[in-house]
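Q: Shown below is the structure under consideration.
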Amino acid sequence: MSTHSPEMPIAVDDETGVWTTDALPMLYVPRHFFVNNHMGIEDEIGAERYAEILYKAGYKSAYFWCEQESECHGIYGEDIWHHYLKRLSQRGWGFFITEELDIEKGTAKVRLENSAFVYHYEKIHGKKVNRKVDYMFTGWFAGALDQILDSKGLSLRTKAEQTQSAAEEGFDVGYFEVSPL
């Protein structure tokens with residue numbers, strides 16, 4: 001296995017210890033810590049209910065992130081979409097690849113390779129769990145696309161759906177699709 005240093009700027013405030021990337025505060029936590037918390041919440045309230053909660057929170061967070069990054073870097077439209085997916089990939093969630101994107105139509109198709117969730121679930125269970133486990137990402141894509149639509153003055157709104165997960169038998173990658181409401 002080859003490795004490389006992080007490809008994004010990370011600054012740590014000497015006084016507060018706060019990590020930032022592109023002027024946004026960040027947290028750096030072990031993957032097992034994050035995913036074990038995720039699994040614990042699933043166990044308590046169920047994956048379906050948790051997915052609903054995460055969709056709304058993820059949508060809001062992606063919208064905010066794209067808005068802030070647009071202002072910070074002066075990038076908009078398709079450029080902010082690709083910047084967002086690049087940063088997600090650089091932060092260790094998995095590799096997010098845009099297969100289709102039509103901003104004006106409010107559509108996108110994203111392939112996910114090497115999902116942090118799939119990796120951890122398979123490590124814990126020793127096999128594929130045969131369900132979609134990367135649902136935390138779903139709202140992110142609609143939130144990002146809706147922010148871009150707003151920045152272009154378009155009133156179209158979107159929804160996102162995970163259509164496939166590498167945690168399911170017969171699949172090696174995940175897919176997310178964004179479409180108009």
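Identifiers in this document derive from the order of the structure tokens: chains are assigned A, B, ..., residues are numbered from 1 separately in each chain, and ligands are numbered from 1 in order of occurrence.
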Could you pull out the helix (DSSP H, G or I) residues of stretch 98-147 of chain A, going by DSSP on the backbone, and write them as an MDAnalysis selection string?

A: chainID A and resid 116:125 135:147

Q: Kindly save the residues from that selection, with C-alpha atoms included, as a PDB file, in the first residue's frame.

A:
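To be explicit, this is the file written out as part.pdb:
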ATOM      1  CA  ALA A 116     -15.408   4.394   5.025  1.00  0.00           C
ATOM      2  CA  PHE A 117     -18.720   2.924   6.179  1.00  0.00           C
ATOM      3  CA  VAL A 118     -18.543  -0.161   3.956  1.00  0.00           C
ATOM      4  CA  TYR A 119     -14.970  -0.779   5.073  1.00  0.00           C
ATOM      5  CA  HIS A 120     -15.832  -0.601   8.768  1.00  0.00           C
ATOM      6  CA  TYR A 121     -19.078  -2.603   8.587  1.00  0.00           C
ATOM      7  CA  GLU A 122     -17.318  -5.372   6.667  1.00  0.00           C
ATOM      8  CA  LYS A 123     -14.421  -5.320   9.135  1.00  0.00           C
ATOM      9  CA  ILE A 124     -16.790  -5.649  12.118  1.00  0.00           C
ATOM     10  CA  HIS A 125     -19.090  -8.268  10.542  1.00  0.00           C
ATOM     11  CA  TYR A 135     -26.756   6.712   3.644  1.00  0.00           C
ATOM     12  CA  MET A 136     -25.166   9.520   5.660  1.00  0.00           C
ATOM     13  CA  PHE A 137     -23.909  10.967   2.373  1.00  0.00           C
ATOM     14  CA  THR A 138     -27.273  11.091   0.593  1.00  0.00           C
ATOM     15  CA  GLY A 139     -28.485  14.525   1.694  1.00  0.00           C
ATOM     16  CA  TRP A 140     -25.074  16.014   0.959  1.00  0.00           C
ATOM     17  CA  PHE A 141     -25.584  15.813  -2.795  1.00  0.00           C
ATOM     18  CA  ALA A 142     -29.009  17.473  -2.819  1.00  0.00           C
ATOM     19  CA  GLY A 143     -27.764  20.182  -0.442  1.00  0.00           C
ATOM     20  CA  ALA A 144     -24.736  20.904  -2.617  1.00  0.00           C
ATOM     21  CA  LEU A 145     -26.763  21.000  -5.834  1.00  0.00           C
ATOM     22  CA  ASP A 146     -29.495  23.182  -4.302  1.00  0.00           C
ATOM     23  CA  GLN A 147     -26.880  25.694  -3.108  1.00  0.00           C
TER      24      GLN A 147
END

Q: When you look at A:Trp81 with a cut-off of 8 Å (counting only C-alpha atoms), what residues show up, excluding the ones that are within fewer than 4 positions of it in the same chain? I need them as an NGL selection string.

A: :A and (66 or 76-77 or 85 or 144-145 or 148)

Q: Using DSSP secondary structure from the backbone, list all strand (DSSP E or B) positions within stretch 14-177 of chain A, as a ChimeraX atom specification.

A: /A:19-21,24-26,95-102,107-113,158-164,174-177

Q: Give me, as JSON lines, each residue of stretch 82-109 of chain A that comes within 10 Å of stretch 168-180 of chain A, together with its shortest interatomic pair and the distance in Å at one decimal, counting only C-alpha atoms, with rows ordered by chain and rising residue number.

A:
{"residue": "A:Phe95", "atom": "CA", "partner": "A:Val173", "partner_atom": "CA", "distance": 9.8}
{"residue": "A:Phe96", "atom": "CA", "partner": "A:Gly174", "partner_atom": "CA", "distance": 9.4}
{"residue": "A:Ile97", "atom": "CA", "partner": "A:Tyr175", "partner_atom": "CA", "distance": 9.5}
{"residue": "A:Thr98", "atom": "CA", "partner": "A:Phe176", "partner_atom": "CA", "distance": 9.7}
{"residue": "A:Glu99", "atom": "CA", "partner": "A:Tyr175", "partner_atom": "CA", "distance": 9.6}
{"residue": "A:Glu100", "atom": "CA", "partner": "A:Glu177", "partner_atom": "CA", "distance": 9.0}
{"residue": "A:Leu101", "atom": "CA", "partner": "A:Val178", "partner_atom": "CA", "distance": 9.0}
{"residue": "A:Asp102", "atom": "CA", "partner": "A:Ser179", "partner_atom": "CA", "distance": 9.8}
{"residue": "A:Lys105", "atom": "CA", "partner": "A:Pro180", "partner_atom": "CA", "distance": 7.4}
{"residue": "A:Gly106", "atom": "CA", "partner": "A:Pro180", "partner_atom": "CA", "distance": 5.5}
{"residue": "A:Thr107", "atom": "CA", "partner": "A:Ser179", "partner_atom": "CA", "distance": 4.6}
{"residue": "A:Ala108", "atom": "CA", "partner": "A:Val178", "partner_atom": "CA", "distance": 4.9}
{"residue": "A:Lys109", "atom": "CA", "partner": "A:Glu177", "partner_atom": "CA", "distance": 4.5}

Q: Emit the selected residues as a tab-separated table (two decimals), in the first residue's frame, including all heavy atoms.

A:
chain	number	residue	atom	x	y	z
A	95	PHE	N	-13.95	7.64	-2.13
A	95	PHE	CA	-13.72	8.39	-3.36
A	95	PHE	C	-15.05	8.65	-4.04
A	95	PHE	O	-15.76	7.70	-4.41
A	95	PHE	CB	-12.78	7.64	-4.30
A	95	PHE	CG	-11.37	7.51	-3.79
A	95	PHE	CD1	-10.72	6.30	-3.87
A	95	PHE	CD2	-10.70	8.58	-3.21
A	95	PHE	CE1	-9.42	6.15	-3.40
A	95	PHE	CE2	-9.41	8.45	-2.73
A	95	PHE	CZ	-8.77	7.24	-2.83
A	96	PHE	N	-15.37	9.93	-4.20
A	96	PHE	CA	-16.63	10.35	-4.83
A	96	PHE	C	-16.35	10.80	-6.25
A	96	PHE	O	-15.59	11.74	-6.46
A	96	PHE	CB	-17.27	11.49	-4.03
A	96	PHE	CG	-17.69	11.08	-2.64
A	96	PHE	CD1	-16.80	11.14	-1.58
A	96	PHE	CD2	-18.98	10.62	-2.41
A	96	PHE	CE1	-17.19	10.76	-0.30
A	96	PHE	CE2	-19.38	10.23	-1.13
A	96	PHE	CZ	-18.47	10.30	-0.08
A	97	ILE	N	-16.96	10.13	-7.21
A	97	ILE	CA	-16.72	10.41	-8.62
A	97	ILE	C	-18.04	10.84	-9.27
A	97	ILE	O	-19.03	10.11	-9.21
A	97	ILE	CB	-16.16	9.17	-9.36
A	97	ILE	CG1	-14.82	8.76	-8.74
A	97	ILE	CG2	-16.02	9.42	-10.85
A	97	ILE	CD1	-14.89	7.58	-7.84
A	98	THR	N	-18.03	12.01	-9.87
A	98	THR	CA	-19.22	12.49	-10.58
A	98	THR	C	-19.29	11.79	-11.93
A	98	THR	O	-18.40	11.95	-12.76
A	98	THR	CB	-19.16	14.02	-10.80
A	98	THR	OG1	-19.04	14.66	-9.52
A	98	THR	CG2	-20.40	14.52	-11.51
A	99	GLU	N	-20.33	11.01	-12.14
A	99	GLU	CA	-20.53	10.36	-13.44
A	99	GLU	C	-21.44	11.19	-14.33
A	99	GLU	O	-21.28	11.18	-15.55
A	99	GLU	CB	-21.10	8.96	-13.25
A	99	GLU	CG	-20.10	8.00	-12.65
A	99	GLU	CD	-20.49	6.55	-12.83
A	99	GLU	OE1	-21.62	6.26	-13.28
A	99	GLU	OE2	-19.65	5.70	-12.50
A	100	GLU	N	-22.38	11.90	-13.72
A	100	GLU	CA	-23.29	12.76	-14.48
A	100	GLU	C	-23.59	13.99	-13.63
A	100	GLU	O	-23.73	13.89	-12.41
A	100	GLU	CB	-24.61	12.04	-14.78
A	100	GLU	CG	-24.47	10.79	-15.62
A	100	GLU	CD	-25.78	10.00	-15.71
A	100	GLU	OE1	-26.86	10.54	-15.43
A	100	GLU	OE2	-25.69	8.81	-16.07
A	101	LEU	N	-23.68	15.15	-14.29
A	101	LEU	CA	-24.06	16.38	-13.61
A	101	LEU	C	-24.68	17.33	-14.62
A	101	LEU	O	-24.06	17.66	-15.63
A	101	LEU	CB	-22.84	17.05	-12.96
A	101	LEU	CG	-23.09	18.40	-12.28
A	101	LEU	CD1	-24.07	18.25	-11.11
A	101	LEU	CD2	-21.77	19.01	-11.82
A	102	ASP	N	-25.93	17.72	-14.37
A	102	ASP	CA	-26.61	18.73	-15.17
A	102	ASP	C	-27.28	19.69	-14.18
A	102	ASP	O	-28.36	19.40	-13.67
A	102	ASP	CB	-27.63	18.11	-16.11
A	102	ASP	CG	-28.19	19.09	-17.11
A	102	ASP	OD1	-28.40	20.28	-16.72
A	102	ASP	OD2	-28.43	18.71	-18.27
A	105	LYS	N	-30.83	21.10	-14.96
A	105	LYS	CA	-31.89	20.09	-14.84
A	105	LYS	C	-32.02	19.56	-13.42
A	105	LYS	O	-32.95	18.83	-13.11
A	105	LYS	CB	-31.64	18.92	-15.80
A	105	LYS	CG	-31.83	19.28	-17.26
A	105	LYS	CD	-31.62	18.06	-18.14
A	105	LYS	CE	-31.80	18.41	-19.60
A	105	LYS	NZ	-31.48	17.26	-20.48
A	106	GLY	N	-31.05	19.88	-12.56
A	106	GLY	CA	-31.08	19.40	-11.18
A	106	GLY	C	-30.82	17.91	-11.06
A	106	GLY	O	-31.43	17.24	-10.22
A	107	THR	N	-29.89	17.40	-11.87
A	107	THR	CA	-29.60	15.97	-11.83
A	107	THR	C	-28.11	15.72	-11.66
A	107	THR	O	-27.28	16.50	-12.11
A	107	THR	CB	-30.08	15.26	-13.11
A	107	THR	OG1	-29.40	15.81	-14.24
A	107	THR	CG2	-31.58	15.40	-13.29
A	108	ALA	N	-27.82	14.63	-11.00
A	108	ALA	CA	-26.42	14.19	-10.83
A	108	ALA	C	-26.41	12.71	-10.51
A	108	ALA	O	-27.39	12.16	-9.98
A	108	ALA	CB	-25.74	14.98	-9.71
A	109	LYS	N	-25.32	12.08	-10.84
A	109	LYS	CA	-25.08	10.69	-10.47
A	109	LYS	C	-23.66	10.62	-9.94
A	109	LYS	O	-22.71	11.02	-10.62
A	109	LYS	CB	-25.26	9.75	-11.66
A	109	LYS	CG	-25.13	8.28	-11.31
A	109	LYS	CD	-25.45	7.41	-12.51
A	109	LYS	CE	-25.40	5.94	-12.14
A	109	LYS	NZ	-25.73	5.10	-13.33

Q: What gap, in Å, lies between atom CA of A:Glu161 and atom CA of A:Asn114?

A: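 Taking atom CA of A:Glu161 as the start and atom CA of A:Asn114 as the end point, the length is 18.6 Å.
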
Q: Could you check which of A:Ala51, A:Lys128, A:Glu78, A:Pro25 is closest to A:Lys152, using only C-alpha atoms?

A: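 Result for the nearest residue to A:Lys152: A:Glu78.
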
Q: Go through A:Ser151, A:Thr3, A:Asn36, A:Arg87 and flag the residue nearest A:Ile75, using only C-alpha atoms for the distances.

A: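 With only C-alpha atoms as the atom set, the closest residue is A:Ser151.
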
Q: Check the smallest atom-to-atom distance from each of A:Ile103, A:Ala62, A:Leu112, A:Leu54 to A:Arg157 using only C-alpha atoms, then report the winner.

A: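 Looking at the shortest contact to A:Arg157, the residue is A:Ile103.
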
Q: Provide the atom CA of A:Trp65 to atom CA of A:Ile80 distance in Å, to one decimal place.

A: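 Atom-to-atom, atom CA of A:Trp65 to atom CA of A:Ile80, that is 9.8 Å.
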
Q: Counting only C-alpha atoms, which of A:Thr163, A:Gln90, A:Asp79, A:Asn130 gets nearest to A:Ile10?

A: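 With only C-alpha atoms as the atom set, the closest residue is A:Gln90.
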
Q: Calculated over only C-alpha atoms, which of the candidates A:Ser155, A:Ser2, A:Ser165, A:Ser115 has the smallest distance to A:Arg131?

A: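 Ranked by minimum distance to A:Arg131, first place goes to A:Ser165.
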
Q: What's the 12 Å shell around A:Asp13, counting only C-alpha atoms, without same-chain residues fewer than 4 positions away, as a ChimeraX atom specification?

A: /A:17-21,23,25-26

Q: Give me a file of those residues, with N, CA, C and O atoms, as a short mmCIF file (atom, residue, chain, number, x, y, z; two decimals), in the first residue's frame.

A:
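Output file selection-v8.cif follows:
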data_model
loop_
_atom_site.label_atom_id
_atom_site.label_comp_id
_atom_site.auth_asym_id
_atom_site.auth_seq_id
_atom_site.Cartn_x
_atom_site.Cartn_y
_atom_site.Cartn_z
N GLY A 17 -6.33 25.38 19.42
CA GLY A 17 -6.20 24.01 18.94
C GLY A 17 -7.20 23.65 17.85
O GLY A 17 -7.25 22.50 17.41
N VAL A 18 -7.99 24.62 17.38
CA VAL A 18 -8.99 24.36 16.35
C VAL A 18 -8.30 24.14 15.00
O VAL A 18 -7.46 24.94 14.59
N TRP A 19 -8.68 23.05 14.34
CA TRP A 19 -8.18 22.75 13.00
C TRP A 19 -9.08 23.44 11.99
O TRP A 19 -10.32 23.41 12.14
N THR A 20 -8.51 24.01 10.94
CA THR A 20 -9.31 24.60 9.86
C THR A 20 -8.77 24.15 8.51
O THR A 20 -7.57 23.89 8.35
N THR A 21 -9.67 24.07 7.57
CA THR A 21 -9.34 23.85 6.16
C THR A 21 -10.18 24.86 5.40
O THR A 21 -11.41 24.90 5.56
N ALA A 23 -10.61 27.92 5.88
CA ALA A 23 -11.28 28.80 6.84
C ALA A 23 -12.51 28.19 7.51
O ALA A 23 -13.23 28.88 8.22
N PRO A 25 -13.84 25.43 10.33
CA PRO A 25 -13.38 24.57 11.43
C PRO A 25 -13.63 23.10 11.12
O PRO A 25 -14.67 22.74 10.55
N MET A 26 -12.69 22.25 11.47
CA MET A 26 -12.78 20.82 11.17
C MET A 26 -12.50 20.02 12.44
O MET A 26 -11.90 20.52 13.39
#

Q: Using only C-alpha atoms for the distances, tell me which of A:Arg91, A:Lys60, A:His4, A:His83 is nearest to A:Arg31.

A: A:Arg91

Q: I'd like the interatomic distance between atom CA of A:Asp22 and atom CA of A:Tyr63, to a tenth of an Å.

A: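 A separation of 15.7 Å between them.
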